Amino acid sequence: MRGYTAPLTPEGRSSIVPPPPWHFSGEMLWISYRADPDACRALLPAGLTLADREANAAIVFCEWQWCGDDEAELHDPERGQFREALITLDCEYAGRPVARVPYAWVDSVVPLVRGLLQGLPKLPGAVHLTRAYEVGRASSRKAPGGRFNATLTAQGRRLLTGAVEISGRAAAPPALATQPFVHTRHLPGWGALPEQNDLVRSKVSGVEFGAVWHGRAKLDVADVEGLEVAALAPLDVLDGYVFAYAETLEPGGPA
């Protein structure tokens, strides 16, 4: 029986997630903000410390297209496209800047399972973003005055709402967007099998940023019963960014 993930089959072609590397191209709406430092620290494992910066968190809405090395997913858009929202904390580990994701949401099963393999705590949710097309009044524009909005609905309720009104080009992407992730691969105990908690660092290559636009941002985090996300609501909303991004994700290693 073969396969990268279940279900294992004689030919190994039925796995929920194909083996890495995985290649991603997408659009991001990124909002930098300040969250309650104590609430952030409460979500960090031993070894990680919260960075002492004004913007200690970001909420990121993404629209992705992805494929494996054989690019099979590009011929089947239903398999190769998904949307995602993440809350990211600005941290340090072993004296180096890293990023930590305490919450994430996706609208498709494959990235949800793939996230759990990485140690990303992904949940199901519905994510929508304003799109920029080349023509027409129904498109926003990556230019001064362009307005981009994004929402996340989880458990049937609006949880995250973000907006960016572009004022101009940014000199560089937000620093947190360039920092490696440190995740916890968690597997609960099962009978006599012990619980596993492994701190792992993500490994990416082929990172590319498109033109980075920035401007005034708005952000709202709702209080949804059953989720402890409201503790990370913004104390102060800082810059927002809109940009294209690409990377190749490979198996990570010990942090």
# chains A, B, ... in the order shown; residues from 1 in each chain; ligands from 1
$ closest_atom_pairs --of "segment 39-61 of chain A" --to "segment 232-242 of chain A" --cutoff "10 Å" --atoms "only C-alpha atoms" --output "tab-separated table"
residue	atom	partner	partner_atom	distance
A:Ala39	CA	A:Leu232	CA	6.5
A:Cys40	CA	A:Leu232	CA	7.0
A:Glu54	CA	A:Leu238	CA	8.9
A:Ala55	CA	A:Leu238	CA	7.2
A:Ala57	CA	A:Leu232	CA	8.6
A:Ala58	CA	A:Gly240	CA	9.3
A:Ile59	CA	A:Gly240	CA	9.6
A:Val60	CA	A:Tyr241	CA	9.4
A:Phe61	CA	A:Val242	CA	9.8
$ write_last_selection --atoms "N, CA and C atoms" --output "PDB file, in the first residue's frame"
ATOM      1  N   ALA A  39      -1.966  38.708  25.400  1.00  0.00           N
ATOM      2  CA  ALA A  39      -2.761  37.714  24.677  1.00  0.00           C
ATOM      3  C   ALA A  39      -1.906  36.984  23.643  1.00  0.00           C
ATOM      4  N   CYS A  40      -0.984  37.697  23.012  1.00  0.00           N
ATOM      5  CA  CYS A  40      -0.076  37.059  22.054  1.00  0.00           C
ATOM      6  C   CYS A  40       0.846  36.070  22.762  1.00  0.00           C
ATOM      7  N   GLU A  54       5.987  47.855  17.456  1.00  0.00           N
ATOM      8  CA  GLU A  54       4.630  48.410  17.502  1.00  0.00           C
ATOM      9  C   GLU A  54       3.652  47.480  16.822  1.00  0.00           C
ATOM     10  N   ALA A  55       3.992  47.029  15.617  1.00  0.00           N
ATOM     11  CA  ALA A  55       3.149  46.063  14.908  1.00  0.00           C
ATOM     12  C   ALA A  55       3.635  44.668  15.287  1.00  0.00           C
ATOM     13  N   ALA A  57       1.596  41.929  15.124  1.00  0.00           N
ATOM     14  CA  ALA A  57       0.724  40.925  14.520  1.00  0.00           C
ATOM     15  C   ALA A  57       0.280  41.387  13.133  1.00  0.00           C
ATOM     16  N   ALA A  58      -0.230  40.445  12.387  1.00  0.00           N
ATOM     17  CA  ALA A  58      -0.808  40.750  11.069  1.00  0.00           C
ATOM     18  C   ALA A  58      -1.936  39.773  10.799  1.00  0.00           C
ATOM     19  N   ILE A  59      -2.934  40.246  10.097  1.00  0.00           N
ATOM     20  CA  ILE A  59      -3.972  39.369   9.561  1.00  0.00           C
ATOM     21  C   ILE A  59      -3.838  39.390   8.053  1.00  0.00           C
ATOM     22  N   VAL A  60      -3.801  38.204   7.464  1.00  0.00           N
ATOM     23  CA  VAL A  60      -3.491  38.061   6.047  1.00  0.00           C
ATOM     24  C   VAL A  60      -4.597  37.263   5.373  1.00  0.00           C
ATOM     25  N   PHE A  61      -5.146  37.824   4.297  1.00  0.00           N
ATOM     26  CA  PHE A  61      -6.126  37.139   3.471  1.00  0.00           C
ATOM     27  C   PHE A  61      -5.443  36.780   2.151  1.00  0.00           C
TER      28      PHE A  61
END
$ select_by_dssp --residues "segment 18-209 of chain A" --states "strand (DSSP E)" --output "count of residues only"
99
$ residues_around --residues "Gly95 of chain A" --least-positions-apart "3" --cutoff "10 Å" --atoms "only C-alpha atoms" --output "list in words"
Gly47, Leu48, Thr49, Cys91, Glu92 and Val98 of chain A
$ write_last_selection --atoms "N, CA and C atoms" --output "tab-separated table (two decimals), in the first residue's frame"
chain	number	residue	atom	x	y	z
A	47	GLY	N	10.22	28.84	24.22
A	47	GLY	CA	11.29	29.11	23.26
A	47	GLY	C	11.01	30.29	22.36
A	48	LEU	N	9.75	30.59	22.11
A	48	LEU	CA	9.38	31.74	21.29
A	48	LEU	C	9.05	32.92	22.18
A	49	THR	N	9.52	34.11	21.78
A	49	THR	CA	9.19	35.34	22.49
A	49	THR	C	8.57	36.32	21.50
A	91	CYS	N	7.59	37.21	16.11
A	91	CYS	CA	8.27	36.58	17.23
A	91	CYS	C	9.77	36.46	16.99
A	92	GLU	N	10.44	35.98	18.02
A	92	GLU	CA	11.86	35.64	17.91
A	92	GLU	C	12.07	34.25	18.48
A	98	VAL	N	11.14	35.29	13.62
A	98	VAL	CA	10.31	34.24	13.02
A	98	VAL	C	8.86	34.69	13.09
$ residues_around --residues "Glu228 of chain A" --least-positions-apart "6" --cutoff "12 Å" --atoms "only C-alpha atoms" --output "MDAnalysis selection string"
chainID A and resid 39:40 42:43 102:103 159 221:222
$ closest_residue --among "A:Arg13, A:Arg96, A:Val200, A:Glu134" --to "Met1 of chain A" --atoms "only C-alpha atoms"
A:Arg13
$ atom_distance --atom1 "atom CA of Leu116 of chain A" --atom2 "atom CA of Ala72 of chain A"
22.3 Å
$ closest_atom_pairs --of "segment 72-98 of chain A" --to "segment 117-132 of chain A" --cutoff "10 Å" --atoms "only C-alpha atoms" --output "JSON lines"
{"residue": "A:Phe82", "atom": "CA", "partner": "A:Val127", "partner_atom": "CA", "distance": 9.0}
{"residue": "A:Arg83", "atom": "CA", "partner": "A:Val127", "partner_atom": "CA", "distance": 5.8}
{"residue": "A:Glu84", "atom": "CA", "partner": "A:Val127", "partner_atom": "CA", "distance": 6.1}
{"residue": "A:Ala85", "atom": "CA", "partner": "A:Val127", "partner_atom": "CA", "distance": 6.8}
{"residue": "A:Leu86", "atom": "CA", "partner": "A:Lys122", "partner_atom": "CA", "distance": 8.7}
$ write_last_selection --atoms "N, CA and C atoms" --output "CSV table (one decimal), in the first residue's frame"
chain,number,residue,atom,x,y,z
A,82,PHE,N,-7.5,27.7,-3.8
A,82,PHE,CA,-8.2,27.8,-2.5
A,82,PHE,C,-7.9,29.2,-1.9
A,83,ARG,N,-8.6,29.6,-0.9
A,83,ARG,CA,-8.5,30.8,-0.2
A,83,ARG,C,-8.2,30.6,1.3
A,84,GLU,N,-7.5,31.5,1.9
A,84,GLU,CA,-7.0,31.3,3.2
A,84,GLU,C,-6.9,32.6,4.0
A,85,ALA,N,-7.1,32.5,5.3
A,85,ALA,CA,-6.9,33.7,6.2
A,85,ALA,C,-6.0,33.2,7.4
A,86,LEU,N,-5.1,34.1,7.8
A,86,LEU,CA,-4.1,33.7,8.9
A,86,LEU,C,-4.0,34.9,9.8
$ atom_distance --atom1 "atom CA of Pro19 of chain A" --atom2 "atom CA of Leu193 of chain A"
25.4 Å
$ closest_residue --among "A:Glu195, A:Glu225, A:Asp69, A:Asp90" --to "Glu250 of chain A" --atoms "only C-alpha atoms"
A:Asp69
